[in-house]
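Data block for target_12.cif (mmCIF, C-alpha atoms):
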data_input
#
loop_
_atom_site.label_atom_id
_atom_site.label_comp_id
_atom_site.auth_asym_id
_atom_site.auth_seq_id
_atom_site.Cartn_x
_atom_site.Cartn_y
_atom_site.Cartn_z
CA MET A 1 41.98 -99.04 48.08
CA LYS A 2 38.70 -98.06 49.76
CA ILE A 3 38.46 -98.86 53.49
CA ILE A 4 35.21 -98.34 55.39
CA LYS A 5 35.86 -96.73 58.77
CA ASN A 6 33.33 -98.91 60.69
CA ARG A 7 35.60 -100.78 63.04
CA LYS A 8 33.05 -100.87 65.86
CA LEU A 9 30.45 -102.39 63.56
CA ALA A 10 32.98 -104.93 62.41
CA GLY A 11 33.76 -105.75 66.04
CA ALA A 12 30.12 -106.28 66.85
CA LEU A 13 29.66 -108.60 63.90
CA ALA A 14 32.78 -110.51 64.82
CA LEU A 15 31.60 -110.93 68.42
CA THR A 16 28.25 -112.28 67.26
CA ALA A 17 29.97 -114.75 64.96
CA MET A 18 32.24 -115.91 67.74
CA VAL A 19 29.33 -116.45 70.09
CA ASN A 20 27.45 -118.53 67.51
CA THR A 21 30.34 -120.59 66.16
CA ILE A 22 32.76 -121.27 69.00
CA PRO A 23 31.36 -123.97 71.36
CA GLY A 24 33.65 -123.19 74.26
CA LEU A 25 32.76 -119.55 74.20
CA ALA A 26 29.06 -120.32 73.88
CA VAL A 27 29.20 -122.46 77.02
CA GLU A 28 30.90 -119.63 78.92
CA VAL A 29 28.26 -117.20 77.75
CA GLU A 30 25.46 -119.48 78.84
CA GLU A 31 27.03 -119.66 82.31
CA SER A 32 27.28 -115.86 82.57
CA SER A 33 24.58 -113.73 83.99
CA ALA A 34 21.63 -113.32 81.63
CA ALA A 35 21.28 -109.72 82.74
CA GLN A 36 24.90 -108.92 81.87
CA LEU A 37 24.47 -110.55 78.47
CA GLN A 38 21.33 -108.59 77.73
CA GLN A 39 23.06 -105.36 78.78
CA ARG A 40 26.04 -106.07 76.51
CA ILE A 41 23.77 -106.87 73.55
CA ALA A 42 21.89 -103.63 74.11
CA GLU A 43 25.18 -101.65 74.12
CA LEU A 44 26.32 -103.31 70.90
CA GLN A 45 22.97 -102.62 69.26
CA ALA A 46 23.18 -98.95 70.22
CA GLN A 47 26.65 -98.71 68.69
CA VAL A 48 25.44 -100.42 65.50
CA ASP A 49 22.47 -98.03 65.21
CA ALA A 50 24.69 -95.00 65.73
CA LEU A 51 27.17 -96.15 63.10
CA ALA A 52 24.42 -96.96 60.65
CA ALA A 53 23.07 -93.43 60.98
CA ARG A 54 26.45 -91.87 60.07
CA PRO A 55 27.57 -91.42 56.45
CA VAL A 56 30.13 -93.94 55.31
CA GLU A 57 33.64 -92.43 55.29
CA ILE A 58 36.22 -93.51 52.75
CA GLU A 59 39.86 -93.57 53.72
CA ASN A 60 41.90 -92.48 50.72
CA PRO A 61 45.63 -92.80 50.23
CA GLU A 62 47.83 -89.72 49.79
CA PRO A 63 46.75 -87.71 46.71
CA THR A 64 48.45 -88.86 43.52
CA GLN A 65 48.85 -87.05 40.22
CA ALA A 66 48.26 -90.04 37.98
CA SER A 67 45.63 -92.69 37.31
CA THR A 68 45.78 -95.48 34.77
CA PHE A 69 42.96 -96.42 32.41
CA GLY A 70 43.99 -99.35 30.27
CA ASP A 71 47.16 -98.31 28.46
CA THR A 72 46.64 -94.60 29.20
CA ASN A 73 48.09 -92.76 32.17
CA ILE A 74 46.15 -89.61 33.17
CA GLN A 75 47.57 -86.73 35.20
CA ILE A 76 45.77 -83.72 36.63
CA GLY A 77 47.68 -80.93 38.32
CA GLY A 78 48.48 -77.26 38.49
CA TYR A 79 48.72 -74.65 41.21
CA VAL A 80 46.75 -72.04 43.13
CA LYS A 81 48.43 -68.63 43.46
CA LEU A 82 47.52 -65.28 44.99
CA ASP A 83 49.47 -62.17 43.98
CA SER A 84 49.37 -58.94 46.00
CA ILE A 85 51.05 -56.12 44.08
CA PHE A 86 52.07 -52.59 45.10
CA SER A 87 53.17 -50.43 42.12
CA ASP A 88 54.68 -46.95 41.96
CA TYR A 89 55.25 -45.19 38.61
CA SER A 90 57.45 -42.15 38.00
CA ASP A 91 55.14 -40.97 35.18
CA GLY A 92 51.43 -41.67 35.40
CA SER A 93 49.35 -43.33 38.07
CA SER A 94 49.15 -46.81 36.54
CA ALA A 95 50.23 -48.97 33.63
CA THR A 96 48.96 -47.80 30.23
CA ALA A 97 47.10 -51.12 29.83
CA GLY A 98 45.37 -53.14 32.56
CA VAL A 99 47.43 -56.26 31.94
CA GLY A 100 50.51 -54.31 33.10
CA GLU A 101 48.98 -54.13 36.59
CA ASP A 102 48.89 -57.95 36.87
CA PHE A 103 52.48 -58.59 35.76
CA LEU A 104 55.38 -56.69 34.23
CA VAL A 105 54.62 -55.81 30.61
CA PRO A 106 57.50 -53.47 29.63
CA SER A 107 55.63 -51.56 26.93
CA THR A 108 52.90 -50.48 29.39
CA ILE A 109 55.29 -48.48 31.62
CA PRO A 110 53.96 -44.90 31.35
CA VAL A 111 56.21 -42.07 30.15
CA GLY A 112 55.28 -38.42 30.53
CA GLY A 113 53.01 -36.75 33.06
CA GLU A 114 53.07 -36.64 36.84
CA GLY A 115 53.64 -39.69 38.97
CA GLY A 116 50.75 -40.99 41.05
CA ASP A 117 50.40 -42.60 44.44
CA VAL A 118 51.26 -46.22 45.12
CA HIS A 119 48.67 -48.45 43.46
CA TYR A 120 47.58 -51.79 44.99
CA ASN A 121 46.22 -54.72 43.00
CA ALA A 122 45.48 -58.32 44.02
CA HIS A 123 44.45 -61.26 41.86
CA ALA A 124 44.49 -65.04 41.54
CA LYS A 125 44.38 -65.10 37.73
CA SER A 126 47.61 -67.06 37.30
CA THR A 127 46.06 -70.08 39.06
CA ARG A 128 46.62 -72.93 36.63
CA LEU A 129 45.11 -76.32 35.77
CA PHE A 130 46.49 -78.94 33.39
CA PHE A 131 45.46 -82.33 32.08
CA LYS A 132 48.04 -84.75 30.68
CA SER A 133 47.85 -88.21 29.19
CA SER A 134 50.41 -90.76 28.10
CA THR A 135 49.53 -93.86 26.09
CA ASP A 136 51.84 -96.68 25.01
CA VAL A 137 51.26 -97.38 21.33
CA GLY A 138 53.87 -100.03 20.61
CA ALA A 139 55.99 -97.65 18.54
CA GLY A 140 56.77 -95.35 21.46
CA SER A 141 54.13 -93.37 23.34
CA VAL A 142 51.65 -90.60 22.57
CA ASN A 143 51.38 -87.79 25.12
CA THR A 144 48.86 -84.96 25.30
CA HIS A 145 48.84 -81.75 27.33
CA ILE A 146 45.99 -79.26 27.86
CA GLU A 147 46.51 -76.29 30.19
CA ILE A 148 44.44 -73.25 31.14
CA ASP A 149 44.62 -70.19 33.39
CA ALA A 150 42.87 -66.80 33.60
CA MET A 151 45.76 -64.42 32.92
CA ALA A 152 45.27 -61.63 30.39
CA GLY A 153 41.58 -62.47 30.13
CA ALA A 154 39.42 -59.64 28.84
CA GLN A 155 36.40 -60.69 30.90
CA GLY A 156 35.95 -59.84 34.57
CA ASP A 157 34.60 -57.33 37.05
CA GLU A 158 36.03 -56.36 40.44
CA ARG A 159 32.77 -54.88 41.74
CA ILE A 160 31.32 -58.16 43.03
CA SER A 161 32.68 -61.50 41.87
CA ASN A 162 36.12 -60.92 40.26
CA SER A 163 35.21 -63.49 37.61
CA TYR A 164 37.67 -63.99 34.78
CA ALA A 165 37.51 -66.00 31.59
CA GLN A 166 39.72 -69.03 31.21
CA ARG A 167 42.25 -68.95 28.37
CA LEU A 168 44.12 -71.69 26.56
CA ARG A 169 47.83 -71.92 27.36
CA HIS A 170 48.83 -75.30 25.94
CA ALA A 171 47.06 -77.86 23.78
CA TYR A 172 49.28 -80.33 21.98
CA VAL A 173 50.00 -83.96 21.19
CA ASP A 174 53.58 -85.23 21.42
CA TRP A 175 54.46 -88.57 19.82
CA LYS A 176 57.61 -89.99 21.46
CA ILE A 177 58.62 -92.24 18.58
CA ASP A 178 61.62 -93.64 20.43
CA GLY A 179 64.39 -92.44 22.74
CA ASP A 180 65.82 -90.13 20.07
CA ARG A 181 62.83 -88.92 18.05
CA SER A 182 59.58 -87.11 18.76
CA LEU A 183 56.91 -85.18 16.87
CA LEU A 184 54.87 -82.43 18.55
CA ALA A 185 51.78 -80.78 17.05
CA GLY A 186 49.62 -78.14 18.71
CA GLN A 187 50.05 -75.01 20.82
CA SER A 188 53.04 -74.87 23.14
CA TRP A 189 56.11 -72.79 23.95
CA SER A 190 57.86 -71.56 20.84
CA THR A 191 60.89 -73.64 19.96
CA PHE A 192 62.83 -70.36 19.91
CA PHE A 193 62.21 -70.01 23.68
CA ASN A 194 64.28 -72.10 26.12
CA VAL A 195 61.83 -72.30 29.03
CA GLY A 196 64.39 -74.05 31.24
CA ALA A 197 66.53 -70.91 31.32
CA LEU A 198 63.73 -68.64 32.59
CA PRO A 199 64.57 -67.33 36.10
CA GLU A 200 62.47 -68.29 39.10
CA GLY A 201 60.34 -65.36 40.18
CA LEU A 202 57.00 -64.23 41.52
CA ASP A 203 56.19 -62.06 38.50
CA PHE A 204 54.26 -64.01 35.88
CA VAL A 205 56.90 -63.55 33.15
CA GLY A 206 60.04 -61.96 34.55
CA PRO A 207 62.89 -59.96 32.97
CA VAL A 208 62.35 -57.54 30.09
CA GLY A 209 65.03 -59.31 28.03
CA THR A 210 63.47 -62.74 27.86
CA ILE A 211 62.07 -64.45 24.79
CA PHE A 212 58.49 -65.38 25.65
CA GLU A 213 56.05 -66.88 23.16
CA ARG A 214 53.44 -69.66 22.94
CA GLN A 215 51.83 -70.51 19.61
CA PRO A 216 50.56 -73.31 17.34
CA GLN A 217 53.34 -75.28 15.69
CA ILE A 218 54.63 -78.59 14.44
CA ARG A 219 58.03 -79.60 15.82
CA TYR A 220 60.33 -82.52 15.09
CA THR A 221 63.09 -83.46 17.56
CA GLN A 222 66.04 -85.71 16.69
CA GLY A 223 68.64 -86.85 19.18
CA ILE A 224 72.23 -86.29 18.07
CA GLY A 225 74.91 -87.74 20.35
CA SER A 226 74.42 -86.30 23.82
CA GLY A 227 72.22 -83.47 22.48
CA SER A 228 69.15 -82.93 20.35
CA LEU A 229 68.21 -80.96 17.26
CA GLN A 230 64.74 -79.45 16.88
CA PHE A 231 63.07 -78.09 13.76
CA ALA A 232 59.72 -76.29 13.93
CA ALA A 233 57.25 -74.49 11.69
CA GLU A 234 55.25 -72.07 13.85
CA ASN A 235 52.31 -69.71 13.45
CA PRO A 236 53.40 -66.32 12.03
CA ALA A 237 52.24 -62.79 12.88
CA THR A 238 53.77 -59.44 11.88
CA THR A 239 53.99 -56.35 14.09
CA LEU A 240 54.95 -53.09 12.36
CA TYR A 241 55.08 -49.38 13.23
CA ASN A 242 52.94 -47.10 11.02
CA GLY A 243 50.61 -50.04 10.50
CA ALA A 244 46.85 -50.05 10.80
CA GLU A 245 46.83 -53.52 12.38
CA ASN A 246 48.80 -55.05 15.25
CA PRO A 247 49.54 -57.72 14.30
CA TYR A 248 49.12 -58.25 10.57
CA ASP A 249 48.14 -61.78 9.59
CA ASP A 250 49.24 -61.68 5.94
CA ASN A 251 52.20 -64.06 6.00
CA SER A 252 52.62 -66.65 3.25
CA ARG A 253 54.78 -69.05 5.27
CA PRO A 254 55.33 -70.09 8.89
CA ASP A 255 58.14 -68.92 11.15
CA LEU A 256 60.94 -71.49 10.76
CA ILE A 257 63.06 -72.31 13.80
CA LEU A 258 66.10 -74.53 14.28
CA ARG A 259 67.39 -75.21 17.79
CA TYR A 260 70.20 -77.31 19.26
CA ASN A 261 70.28 -78.44 22.92
CA ASN A 262 73.19 -80.01 24.76
CA SER A 263 75.22 -79.87 27.96
CA ILE A 264 78.85 -79.57 29.00
CA GLY A 265 79.41 -80.73 32.56
CA ASP A 266 77.06 -78.71 34.76
CA LEU A 267 76.12 -76.33 31.92
CA ASN A 268 72.95 -76.95 29.91
CA TYR A 269 72.59 -74.71 26.87
CA SER A 270 70.50 -74.06 23.76
CA VAL A 271 71.31 -72.26 20.52
CA ALA A 272 68.31 -71.27 18.39
CA SER A 273 67.95 -69.54 15.02
CA MET A 274 64.82 -68.25 13.35
CA SER A 275 63.84 -67.21 9.85
CA ARG A 276 60.67 -65.11 9.55
CA GLU A 277 58.63 -63.41 6.90
CA LEU A 278 57.40 -59.94 7.90
CA ALA A 279 54.50 -58.94 5.68
CA TYR A 280 51.44 -56.72 5.42
CA ASP A 281 48.67 -56.21 2.88
CA ARG A 282 46.42 -53.15 3.29
CA SER A 283 43.07 -52.38 1.73
CA ASP A 284 44.59 -49.38 -0.09
CA ALA A 285 46.55 -51.87 -2.24
CA SER A 286 49.91 -51.15 -0.56
CA SER A 287 51.80 -54.25 0.59
CA ASP A 288 55.29 -55.55 1.19
CA SER A 289 57.16 -58.58 2.48
CA GLU A 290 60.65 -58.89 3.97
CA GLN A 291 62.65 -61.84 5.27
CA GLY A 292 64.23 -61.44 8.70
CA TYR A 293 66.26 -63.52 11.10
CA ALA A 294 67.08 -63.86 14.80
CA ILE A 295 69.36 -65.95 17.02
CA SER A 296 69.24 -66.77 20.72
CA LEU A 297 71.73 -68.33 23.15
CA SER A 298 70.49 -69.44 26.56
CA GLY A 299 71.31 -71.86 29.33
CA LYS A 300 71.57 -72.84 32.96
CA TRP A 301 74.83 -73.45 34.81
CA GLN A 302 74.45 -75.52 37.96
CA LEU A 303 76.65 -74.27 40.82
CA GLY A 304 76.13 -76.95 43.43
CA ARG A 305 72.59 -76.31 44.61
CA ASP A 306 72.64 -72.74 43.26
CA ASP A 307 72.45 -71.94 39.56
CA LEU A 308 73.17 -69.19 37.04
CA ARG A 309 70.73 -68.68 34.16
CA PHE A 310 71.23 -66.53 31.08
CA MET A 311 69.82 -65.57 27.71
CA TYR A 312 70.93 -63.29 24.89
CA SER A 313 69.01 -62.72 21.63
CA TYR A 314 69.75 -60.63 18.55
CA GLY A 315 68.22 -60.08 15.13
CA ASN A 316 66.15 -57.90 12.83
CA ALA A 317 63.04 -60.06 13.24
CA LEU A 318 62.76 -60.44 17.02
CA GLY A 319 59.71 -58.18 17.27
CA ARG A 320 56.93 -59.87 19.25
CA TYR A 321 59.24 -62.65 20.47
CA LEU A 322 61.25 -60.33 22.73
CA GLY A 323 59.92 -58.93 26.01
CA LEU A 324 56.20 -59.41 25.32
CA ASN A 325 56.33 -57.45 22.06
CA SER A 326 58.34 -54.60 23.61
CA TYR A 327 59.23 -53.52 20.08
CA ARG A 328 57.68 -54.11 16.69
CA ALA A 329 59.75 -55.97 14.12
CA GLY A 330 59.86 -53.16 11.56
CA ILE A 331 58.28 -49.98 10.24
CA ILE A 332 56.29 -49.21 7.09
CA ASP A 333 57.85 -46.36 5.14
CA PRO A 334 55.00 -43.85 4.66
CA VAL A 335 56.42 -42.72 1.29
CA ASN A 336 56.90 -45.98 -0.63
CA GLY A 337 55.16 -48.53 1.63
CA ASN A 338 58.29 -50.66 2.03
CA ILE A 339 59.08 -52.47 5.29
CA GLU A 340 62.29 -51.51 7.04
CA LEU A 341 63.30 -54.12 9.62
CA ILE A 342 64.76 -53.01 12.97
CA ASP A 343 67.82 -54.55 14.60
CA GLN A 344 67.12 -55.45 18.25
CA HIS A 345 68.87 -57.29 21.05
CA GLY A 346 68.30 -58.16 24.68
CA GLY A 347 69.07 -60.59 27.43
CA TYR A 348 69.44 -61.26 31.13
CA VAL A 349 71.57 -62.98 33.73
CA ALA A 350 70.01 -64.52 36.85
CA LEU A 351 71.57 -65.99 39.99
CA ARG A 352 69.58 -68.28 42.28
CA HIS A 353 70.96 -68.90 45.77
CA PHE A 354 69.66 -71.26 48.45
CA TRP A 355 70.09 -69.84 51.95
CA SER A 356 68.81 -73.07 53.51
CA GLU A 357 66.50 -75.98 52.70
CA GLN A 358 63.49 -73.68 52.93
CA TRP A 359 64.82 -70.23 51.94
CA ARG A 360 66.13 -69.08 48.54
CA SER A 361 66.60 -65.87 46.53
CA ASN A 362 66.92 -64.83 42.89
CA LEU A 363 68.69 -61.77 41.49
CA VAL A 364 67.90 -60.99 37.83
CA LEU A 365 69.42 -58.18 35.73
CA SER A 366 68.07 -57.55 32.23
CA ALA A 367 68.16 -55.05 29.36
CA THR A 368 67.05 -54.66 25.73
CA ALA A 369 67.55 -52.07 22.99
CA ALA A 370 66.38 -51.34 19.46
CA ASP A 371 68.31 -49.59 16.68
CA ASN A 372 65.37 -47.57 15.43
CA PRO A 373 65.58 -45.77 12.07
CA GLY A 374 64.83 -42.08 11.73
CA LEU A 375 61.36 -42.90 10.42
CA VAL A 376 59.97 -43.83 13.84
CA ALA A 377 57.88 -41.47 15.96
CA ASP A 378 59.38 -39.76 19.00
CA THR A 379 57.27 -41.96 21.29
CA THR A 380 58.72 -45.22 19.92
CA PRO A 381 60.53 -47.18 22.67
CA SER A 382 64.30 -47.47 22.28
CA SER A 383 65.37 -49.44 25.39
CA TYR A 384 64.19 -51.18 28.56
CA GLN A 385 65.91 -52.32 31.75
CA SER A 386 64.74 -54.38 34.72
CA LEU A 387 65.93 -55.71 38.05
CA HIS A 388 64.22 -58.46 40.05
CA LEU A 389 65.21 -59.43 43.60
CA ASN A 390 63.14 -61.90 45.59
CA LEU A 391 63.09 -63.96 48.76
CA MET A 392 61.13 -67.23 48.74
CA TYR A 393 60.15 -69.47 51.64
CA SER A 394 58.82 -73.04 51.35
CA PRO A 395 57.58 -74.10 54.81
CA VAL A 396 56.10 -77.34 53.45
CA PRO A 397 56.66 -79.19 50.16
CA LYS A 398 55.01 -77.60 47.11
CA MET A 399 54.14 -74.36 48.92
CA THR A 400 55.98 -71.08 48.34
CA LEU A 401 55.51 -67.78 50.14
CA GLY A 402 57.59 -64.87 48.96
CA GLY A 403 58.22 -61.25 48.19
CA GLU A 404 59.81 -59.72 45.08
CA TYR A 405 61.07 -56.21 44.39
CA ILE A 406 60.94 -55.17 40.73
CA TYR A 407 62.46 -52.11 39.12
CA ALA A 408 61.85 -51.54 35.40
CA SER A 409 62.43 -48.56 33.12
CA LYS A 410 61.47 -47.52 29.60
CA GLU A 411 63.17 -44.98 27.32
CA LEU A 412 61.66 -43.44 24.20
CA GLU A 413 63.51 -42.67 20.98
CA ASN A 414 62.66 -38.92 21.01
CA THR A 415 64.36 -38.43 17.64
CA SER A 416 63.33 -34.79 17.34
CA GLY A 417 64.24 -33.96 20.93
CA LEU A 418 60.90 -32.24 21.37
CA LEU A 419 59.66 -34.50 24.15
CA ALA A 420 60.17 -32.91 27.55
CA ASP A 421 60.16 -36.33 29.20
CA ASP A 422 61.34 -39.44 27.37
CA GLU A 423 61.96 -41.85 30.28
CA GLY A 424 59.69 -43.56 32.78
CA ASP A 425 60.19 -46.19 35.45
CA MET A 426 58.22 -48.46 37.71
CA GLN A 427 58.94 -49.83 41.18
CA ARG A 428 56.89 -52.77 42.37
CA MET A 429 56.66 -54.96 45.46
CA GLN A 430 54.90 -58.25 44.87
CA LEU A 431 53.85 -60.69 47.60
CA SER A 432 52.67 -64.16 46.61
CA VAL A 433 51.37 -67.41 48.04
CA LYS A 434 51.51 -70.45 45.78
CA TYR A 435 50.66 -74.12 46.27
CA VAL A 436 51.36 -76.72 43.58
CA PHE A 437 49.10 -79.79 43.45
#
What would the structure in this file look like if it were written as structure tokens?
Amino acid sequence: MKIIKNRKLAGALALTAMVNTIPGLAVEVEESSAAQLQQRIAELQAQVDALAARPVEIENPEPTQASTFGDTNIQIGGYVKLDSIFSDYSDGSSATAGVGEDFLVPSTIPVGGEGGDVHYNAHAKSTRLFFKSSTDVGAGSVNTHIEIDAMAGAQGDERISNSYAQRLRHAYVDWKIDGDRSLLAGQSWSTFFNVGALPEGLDFVGPVGTIFERQPQIRYTQGIGSGSLQFAAENPATTLYNGAENPYDDNSRPDLILRYNNSIGDLNYSVASMSRELAYDRSDASSDSEQGYAISLSGKWQLGRDDLRFMYSYGNALGRYLGLNSYRAGIIDPVNGNIELIDQHGGYVALRHFWSEQWRSNLVLSATAADNPGLVADTTPSSYQSLHLNLMYSPVPKMTLGGEYIYASKELENTSGLLADDEGDMQRMQLSVKYVF
């Protein structure tokens, strides 16, 4: 409701009306001193002129996230976040790719060479904006979600403006057919990834052992008893060692994922399985296709106000799904051109503890490994580890100030043993300010 802050003007108008319409008051005014009346009128006129010269102010209610237009409910929200990052590498002066300076990308940890000085980097690229809608359609409701941020954008310059291109995170429509069924189409988190089990942290992604993937898909969800079953066909892409492309886009079918969600007491869990085609087709007429699989178990166990989160994944087709493409899914045999898939596994365990209403901490331990064949180069990664420890403070609702210590390491296969240095690590201190709106 819009309220004009012009109470003095309203008072003046009310006084005039009272003088003109109330006989008793009019008689009293007539009996008062003419000079006093003229003085009072002049004061009121001055107040009216002053108010008229000011811009009209609108008194708004507390900000809300939703507005209704007909049958459609619209929400706008997101957050603003500043990250200040101090990084120290045992080998090399910085991450091997710029994105590794903004958040932990395991594959960009340098190995070999002399360590450099502590490197400082600050950015607000993870600042996020989303638009949501929900419309009743008789047979359930239709929801949409569009979300953008500036992370991992290739555009930008720190010399003057620090401008960065916006990128698409989510864009999907979700038809809630009824309480048990829904159909989602568009780009969103992979069905193979249980987002609810991801630890709370200041780093943009988190532990090296997490599944992390967003991509176009079509997903059907069916409630079964106290749980739900999800089936999805998602956009494929193939990452291979000895390949000329990363990734190859030569797949003949989508990645197929089946996931079951349920709870037992205070434990919420998900079990997901995936079937993938790994394929390539090169201009020199060599090509191959292999079928691979992967499974993932994840969940969150509520311990009063605290919680324990976990994830473990295994398979010969994890590839780009695990740890931001820490490993490729397979290797092309240089002799016959066949694809040999690589068994991989990884996971994490994370404990969140509330010290008080405003203070909380998270401890996250994580590791991954790949069973590489003898065909791989010495510089192929064989394992990663990470530790995250943070302290977060929320002085007011929706605001978080915090610090996070991150330790991460990378080990190379070094099959021949010729590499003088086959391990590298990174230590990082990240300070962040975040406000959700």
(request) Convert the output of the PyMOL selection byres ((chain A and resi 433) around 10) on the shown file into explicit residues, formatted as a PyMOL selection string. (result) chain A and resi 80-84+124+202+392-394+399-403+431-432+434-435
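Note that the spacing between CA of Gln358 in chain A and CA of Tyr269 in chain A amounts to 27.6 Å.
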Range 288-361 of chain A residues near range 206-220 of chain A within 6 Å, closest pair each, using all atoms listed in the file, as a Markdown table:
| residue | atom | partner | partner_atom | distance |
| --- | --- | --- | --- | --- |
| A:Tyr321 | CA | A:Ile211 | CA | 5.5 |
| A:Leu322 | CA | A:Ile211 | CA | 4.7 |
| A:Gly323 | CA | A:Val208 | CA | 4.9 |
| A:Gly346 | CA | A:Gly209 | CA | 4.8 |
| A:Gly347 | CA | A:Gly209 | CA | 4.3 |
| A:Tyr348 | CA | A:Gly209 | CA | 5.7 |
At most 7 Å is the cut-off: for each residue in range 319-427 of chain A with any atom that close to an atom of range 226-247 of chain A, write down the nearest atom pair and the distance in Å rounded to one decimal, counting all atoms listed in the file, chain first then increasing number, as JSON lines.
{"residue": "A:Gly319", "atom": "CA", "partner": "A:Thr239", "partner_atom": "CA", "distance": 6.8}
{"residue": "A:Arg320", "atom": "CA", "partner": "A:Thr239", "partner_atom": "CA", "distance": 6.9}
{"residue": "A:Arg328", "atom": "CA", "partner": "A:Thr239", "partner_atom": "CA", "distance": 5.0}
{"residue": "A:Ala329", "atom": "CA", "partner": "A:Thr239", "partner_atom": "CA", "distance": 5.8}
{"residue": "A:Gly330", "atom": "CA", "partner": "A:Leu240", "partner_atom": "CA", "distance": 5.0}
{"residue": "A:Ile331", "atom": "CA", "partner": "A:Tyr241", "partner_atom": "CA", "distance": 4.4}
{"residue": "A:Ile332", "atom": "CA", "partner": "A:Asn242", "partner_atom": "CA", "distance": 5.6}
Name the residues captured by the PyMOL selection byres ((chain A and resi 259) around 12) when it is applied to the shown file; answer as an mmCIF file with C-alpha atoms, in the coordinates of the input.
data_model
loop_
_atom_site.group_PDB
_atom_site.id
_atom_site.type_symbol
_atom_site.label_atom_id
_atom_site.label_comp_id
_atom_site.auth_asym_id
_atom_site.auth_seq_id
_atom_site.Cartn_x
_atom_site.Cartn_y
_atom_site.Cartn_z
ATOM 1 C CA SER A 190 57.860 -71.560 20.840
ATOM 2 C CA THR A 191 60.890 -73.640 19.960
ATOM 3 C CA PHE A 192 62.830 -70.360 19.910
ATOM 4 C CA PHE A 193 62.210 -70.010 23.680
ATOM 5 C CA ASN A 194 64.280 -72.100 26.120
ATOM 6 C CA ARG A 219 58.030 -79.600 15.820
ATOM 7 C CA TYR A 220 60.330 -82.520 15.090
ATOM 8 C CA THR A 221 63.090 -83.460 17.560
ATOM 9 C CA GLN A 222 66.040 -85.710 16.690
ATOM 10 C CA GLY A 223 68.640 -86.850 19.180
ATOM 11 C CA GLY A 227 72.220 -83.470 22.480
ATOM 12 C CA SER A 228 69.150 -82.930 20.350
ATOM 13 C CA LEU A 229 68.210 -80.960 17.260
ATOM 14 C CA GLN A 230 64.740 -79.450 16.880
ATOM 15 C CA PHE A 231 63.070 -78.090 13.760
ATOM 16 C CA ALA A 232 59.720 -76.290 13.930
ATOM 17 C CA ALA A 233 57.250 -74.490 11.690
ATOM 18 C CA LEU A 256 60.940 -71.490 10.760
ATOM 19 C CA ILE A 257 63.060 -72.310 13.800
ATOM 20 C CA LEU A 258 66.100 -74.530 14.280
ATOM 21 C CA TYR A 260 70.200 -77.310 19.260
ATOM 22 C CA ASN A 261 70.280 -78.440 22.920
ATOM 23 C CA ASN A 262 73.190 -80.010 24.760
ATOM 24 C CA TYR A 269 72.590 -74.710 26.870
ATOM 25 C CA SER A 270 70.500 -74.060 23.760
ATOM 26 C CA VAL A 271 71.310 -72.260 20.520
ATOM 27 C CA ALA A 272 68.310 -71.270 18.390
ATOM 28 C CA SER A 273 67.950 -69.540 15.020
ATOM 29 C CA MET A 274 64.820 -68.250 13.350
ATOM 30 C CA SER A 275 63.840 -67.210 9.850
ATOM 31 C CA ALA A 294 67.080 -63.860 14.800
ATOM 32 C CA ILE A 295 69.360 -65.950 17.020
ATOM 33 C CA SER A 296 69.240 -66.770 20.720
ATOM 34 C CA LEU A 297 71.730 -68.330 23.150
ATOM 35 C CA SER A 298 70.490 -69.440 26.560
#
(request) In the coordinates of the file, take the point (55.1, -50.4, 3.0) and a cut-off of 10 Å; then, counting all atoms listed in the file, name each qualifying protein, DNA or RNA residue as a list in words. (result) Leu240, Asn242, Gly243, Ala279, Tyr280, Asp281, Arg282, Ser286, Ser287, Asp288, Ser289, Ile331, Ile332, Asp333, Pro334, Val335, Asn336, Gly337, Asn338, Ile339 and Glu340 of chain A
(request) One decimal, Å: what's the distance from CA of Ala150 in chain A over to CA of Leu168 in chain A, could you say? (result)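 Going from CA of Ala150 in chain A over to CA of Leu168 in chain A covers 8.7 Å.
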(message) Please report the interatomic distance between CA of Ile146 in chain A and CA of Leu198 in chain A in Å with one decimal.
(response)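 Atom-to-atom, CA of Ile146 in chain A and CA of Leu198 in chain A are spaced 21.2 Å apart.
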(message) As a check of understanding, name the residues that the PyMOL selection byres ((chain A and resi 73) around 6) selects in the supplied structure, as a list in words.
(response)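 Those residues are Ser67, Thr68, Thr72, Ile74, Ser133 and Ser134 of chain A.
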So that I have them on file, write out the residues from the current selection with C-alpha atoms, as a compact mmCIF listing (two decimals), keeping the file's coordinate frame.
# COMPACT_ATOMS: atom_id res chain seq x y z
CA SER A 67 45.63 -92.69 37.31
CA THR A 68 45.78 -95.48 34.77
CA THR A 72 46.64 -94.60 29.20
CA ILE A 74 46.15 -89.61 33.17
CA SER A 133 47.85 -88.21 29.19
CA SER A 134 50.41 -90.76 28.10
(message) When you look at range 85-88 of chain A with a cut-off of 7 Å (counting only C-alpha atoms), what residues show up, excluding the ones that are within fewer than 5 positions of it in the same chain? I need them as a list in words.
(response) Asp117, Val118, His119, Tyr120, Asn121, Ala122, Met426, Gln427, Arg428, Met429, Gln430 and Leu431 of chain A
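Of the residues listed (A:Leu278, A:Ser252, A:Pro106, A:Val111), A:Val111 shows the shortest atom-to-atom separation from Ala420 in chain A; distances use only C-alpha atoms.
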Centre and edge lengths of an axis-aligned box around all listed atoms of range 204-221 of chain A, with 4 Å added on each side, are to be given in Å to one decimal, as AutoDock Vina command-line options.
--center_x 57.8 --center_y -70.5 --center_z 25.2 --size_x 22.5 --size_y 33.9 --size_z 29.4
